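S.K.: I have a structure I would like to understand better, so I am pasting it below and will then ask my questions one at a time.
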Amino acid sequence: MFRVSRESLNLQELVDFVTDPEAGAIVTFIGTTRNNNEGRRVIALDYDAYAEMAEKELSRIGAQAEQRWKIRRMAIVHRVGPVQITQSSVAIAVSAAHRADAFEACRFAIEEIKKTVPIWKKEVFEGGEVWIGTQSGQPLSPGK
Amino acid sequence: MFRVSRESLNLQELVDFVTDPEAGAIVTFIGTTRNNNEGRRVIALDYDAYAEMAEKELSRIGAQAEQRWKIRRMAIVHRVGPVQITQSSVAIAVSAAHRADAFEACRFAIEEIKKTVPIWKKEVFEGGEVWIGTQSGQPLSPGK
Amino acid sequence: MKVKVKFFAILRERVGKGEVVKEVDEGCTVKELWATLQKDHPKLAGAQTRLLYAVNQDYVSGDHVLKERDEVVFVPPVSGG
Amino acid sequence: MKVKVKFFAILRERVGKGEVVKEVDEGCTVKELWATLQKDHPKLAGAQTRLLYAVNQDYVSGDHVLKERDEVVFVPPVSGG
């Protein structure tokens with residue numbers, strides 16, 4: 001299950017999806033909107049996604065994790081649209097026979113999501129808003 | 001929330017407990033009964049606990065984690081009694097401002113549980129049963 | 001030939017819409033397409049911020065040659081999670 | 001004086017009950033209590049398997065001296081999780 005969704009995330013749905021009789025461990029990660037960032041008072045995060053490609057990239061992360069670790073199943077759902085304080089923007093669940101694999105694959109997944117998946121967060125804070133990762137007000141031009 | 005319980009575990013309850021406006025990450029671990037172990041076909045695990053002391057030890061693990069990592073909240077619930085295949089024996093949830101702390105503290109908690117908390121699992125498998133960690137049929141005598 | 005360009009995040013805001021269809025010459029690369037877009041939308045022009053390129057939902061290099069009906073996305077630094 | 005001993009897991013099964021109250025002498029250590037219990041319950045006697053000791057829900061060493069009404073638990077290798 002690799003999905004971009006406008007609805008609020010249901011962790012239990014992911015856990016049910018990865019539940020497996022051969023699994024002895026399930027590790028989950030949830031990213032939640034924090035009320036502060038770099039000294040700013042955050043009101044909400046607002047996510048935009050290139051959804052079709054993002055789902056493809058999430059599947060690729062799942063396939064990579066399966067190659068690197070002995071895992072049973074993985075599920076990732078990323079939300080788009082506004083995500084209020086304490087609400088979840090991303091949920092990952094991984095099952096494995098043994099816990100070390102589940103922990104490492106789950107950690108890998110969130111690190112990769114932050115690197116390669118075409119999803120962007122705009123931070124709405126008291127006094128303004130900013131697309132994270134993009135210097136505010138600076139013009140854009142292509143890399144190599 | 002550090003608890004030993006006879007009821008089936010509710011992960012969402014733990015996640016709700018650790019949800020915090022200062023947290024950007026929640027990591028959870030669930031231990032589930034696997035259908036096989038060391039070549040045996042497992043039917044169920046049956047947990048016994050010295051409940052009052054186990055809860056004290058779980059709190060101690062929480063306090064240690066708070067000293068070592070920058071976490072917001074932690075919850076651990078361990079089940080006693082029979083736990084069928086795919087069902088959960090233990091659930092841990094940790095929230096933190098940043099994900100590295102949440103991952104490390106959660107991993108620490110499950111490793112410590114397996115070392116110090118007075119809870120024991122009996123594996124019921126096809127053809128017999130065994131208390132894990134105790135050589136079957138061998139008499140017992142004190143250490144140092 | 002025609003290609004479709006989709007804009008997301010800060011690019012969507014600067015262009016003021018999520019999608020344009022562009023007429024480009026045979027042999028046009030994604031990097032060349034970007035240069036054309038900067039002329040159409042002056043707010044896209046300017047200094048150096050790392051962009052990646054995706055064509056039909058796969059990352060490609062800047063000298064990737066476009067084909068009829070390709071879906072092109074210029075990917076500002078991602079920040080999901 | 002009297003102390004309460006609780007049995008769990010494999011010890012509970014071998015003794016056939018979860019709890020006994022034992023009369024012990026002043027100055028009795030947990031290790032000495034274990035020796036007494038082995039006489040009462042021959043199934044507890046025998047070779048070397050690591051046991052830990054807990055008194056009133058804290059781990060203690062074998063030479064910990066018992067007090068009236070202490071709650072004593074002999075802890076076989078734990079296997080929670």
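Residues in the structure tokens are named by chain (A, B, ... in the order shown) and by number from 1 within that chain; ligands are numbered from 1 in the order shown.
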Taking a cut-off of 12 Å and counting only C-alpha atoms, can you build a table that, for each residue of chain B near chain C, reports the nearest atom pair and how far apart they are in Å (one decimal), sorted by chain then residue number, as JSON lines?

M.R.:
{"residue": "B:Gly24", "atom": "CA", "partner": "C:Gly81", "partner_atom": "CA", "distance": 9.7}
{"residue": "B:Ala25", "atom": "CA", "partner": "C:Gly81", "partner_atom": "CA", "distance": 9.6}
{"residue": "B:His98", "atom": "CA", "partner": "C:Gly81", "partner_atom": "CA", "distance": 11.6}
{"residue": "B:Arg99", "atom": "CA", "partner": "C:Gly81", "partner_atom": "CA", "distance": 10.5}

S.K.: Leaving out B:Ala100 and any residue of its chain fewer than 2 positions from it, which residues lie within 12 Å of it when counting only C-alpha atoms, given as JSON, numbers by chain?

M.R.: {"A": [29, 31, 103, 104, 106, 107, 108, 110, 111], "B": [24, 25, 26, 27, 69, 70, 71, 94, 95, 96, 97, 98, 102, 103, 104, 105, 106, 107]}

S.K.: Fewer than 6 positions away in the same chain doesn't count, so skip those; otherwise give me all residues within 9 Å of stretch 44-48 of chain B, counting only C-alpha atoms, as a PyMOL selection string.

M.R.: (chain B and resi 33-35+79-85+89+118-125) or (chain D and resi 8-9+79-80)

S.K.: Determine, counting only C-alpha atoms, which protein, DNA and RNA residues have an atom within 6 Å of an atom of D:Val72; residues of the same chain fewer than 3 positions away are not included. Present the result as a VMD selection string.

M.R.: chain D and resid 5 54 to 55

S.K.: To one decimal place in Å, what is the distance between atom CA of B:Glu126 and atom CA of B:Glu38?

M.R.: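 Atom CA of B:Glu38 lies at a distance of 12.5 Å from atom CA of B:Glu126.
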
S.K.: Measure the distance from atom CA of A:Ile30 to atom CA of B:Thr86 in Å and round it to one decimal.

M.R.: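 Taking atom CA of A:Ile30 and atom CA of B:Thr86, their separation equals 21.7 Å.
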
S.K.: Counting only C-alpha atoms, which of A:Glu55, A:Arg73, A:Ile92, A:Ser8 gets nearest to chain B?

M.R.: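 Smallest distance to chain B is found for A:Ile92.
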
S.K.: Between atom CA of A:Val15 and atom CA of A:Glu57, what is the spacing in Å?

M.R.: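 Pair atom CA of A:Glu57 / atom CA of A:Val15 returns 20.7 Å.
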
S.K.: Please list as an MDAnalysis selection string every residue within 6 Å of D:Phe7, counting only C-alpha atoms and excluding residues in the same chain fewer than 3 positions away.

M.R.: chainID D and resid 11:12 18:19

S.K.: Keeping C-alpha atoms, export the residues of the selection given above as a JSON list (two decimals), in the first residue's frame.

M.R.:
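File result.json, as written:
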[["chain", "number", "residue", "atom", "x", "y", "z"],
["D", 11, "LEU", "CA", 8.53, -21.94, 38.80],
["D", 12, "ARG", "CA", 4.79, -21.57, 39.22],
["D", 18, "GLY", "CA", 1.52, -19.07, 42.63],
["D", 19, "GLU", "CA", 2.29, -18.16, 46.22]]

S.K.: Given the choices A:Glu22, A:Glu7, A:Glu129, A:Glu52, which gets closest to chain B if the distance is worked out from only C-alpha atoms?

M.R.: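 So, comparing all the options, the nearest one is A:Glu22.
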
S.K.: So which bits of chain A end up helix (DSSP H, G or I) when you DSSP the backbone, as a PyMOL selection string?

M.R.: chain A and resi 11-18+51-68+99-116

S.K.: Skipping near chain neighbours, those fewer than 2 positions away, what residues fall within 10 Å of D:Glu32 using only C-alpha atoms, listed as a PyMOL selection string?

M.R.: chain D and resi 24+27-30+34-38+62-66
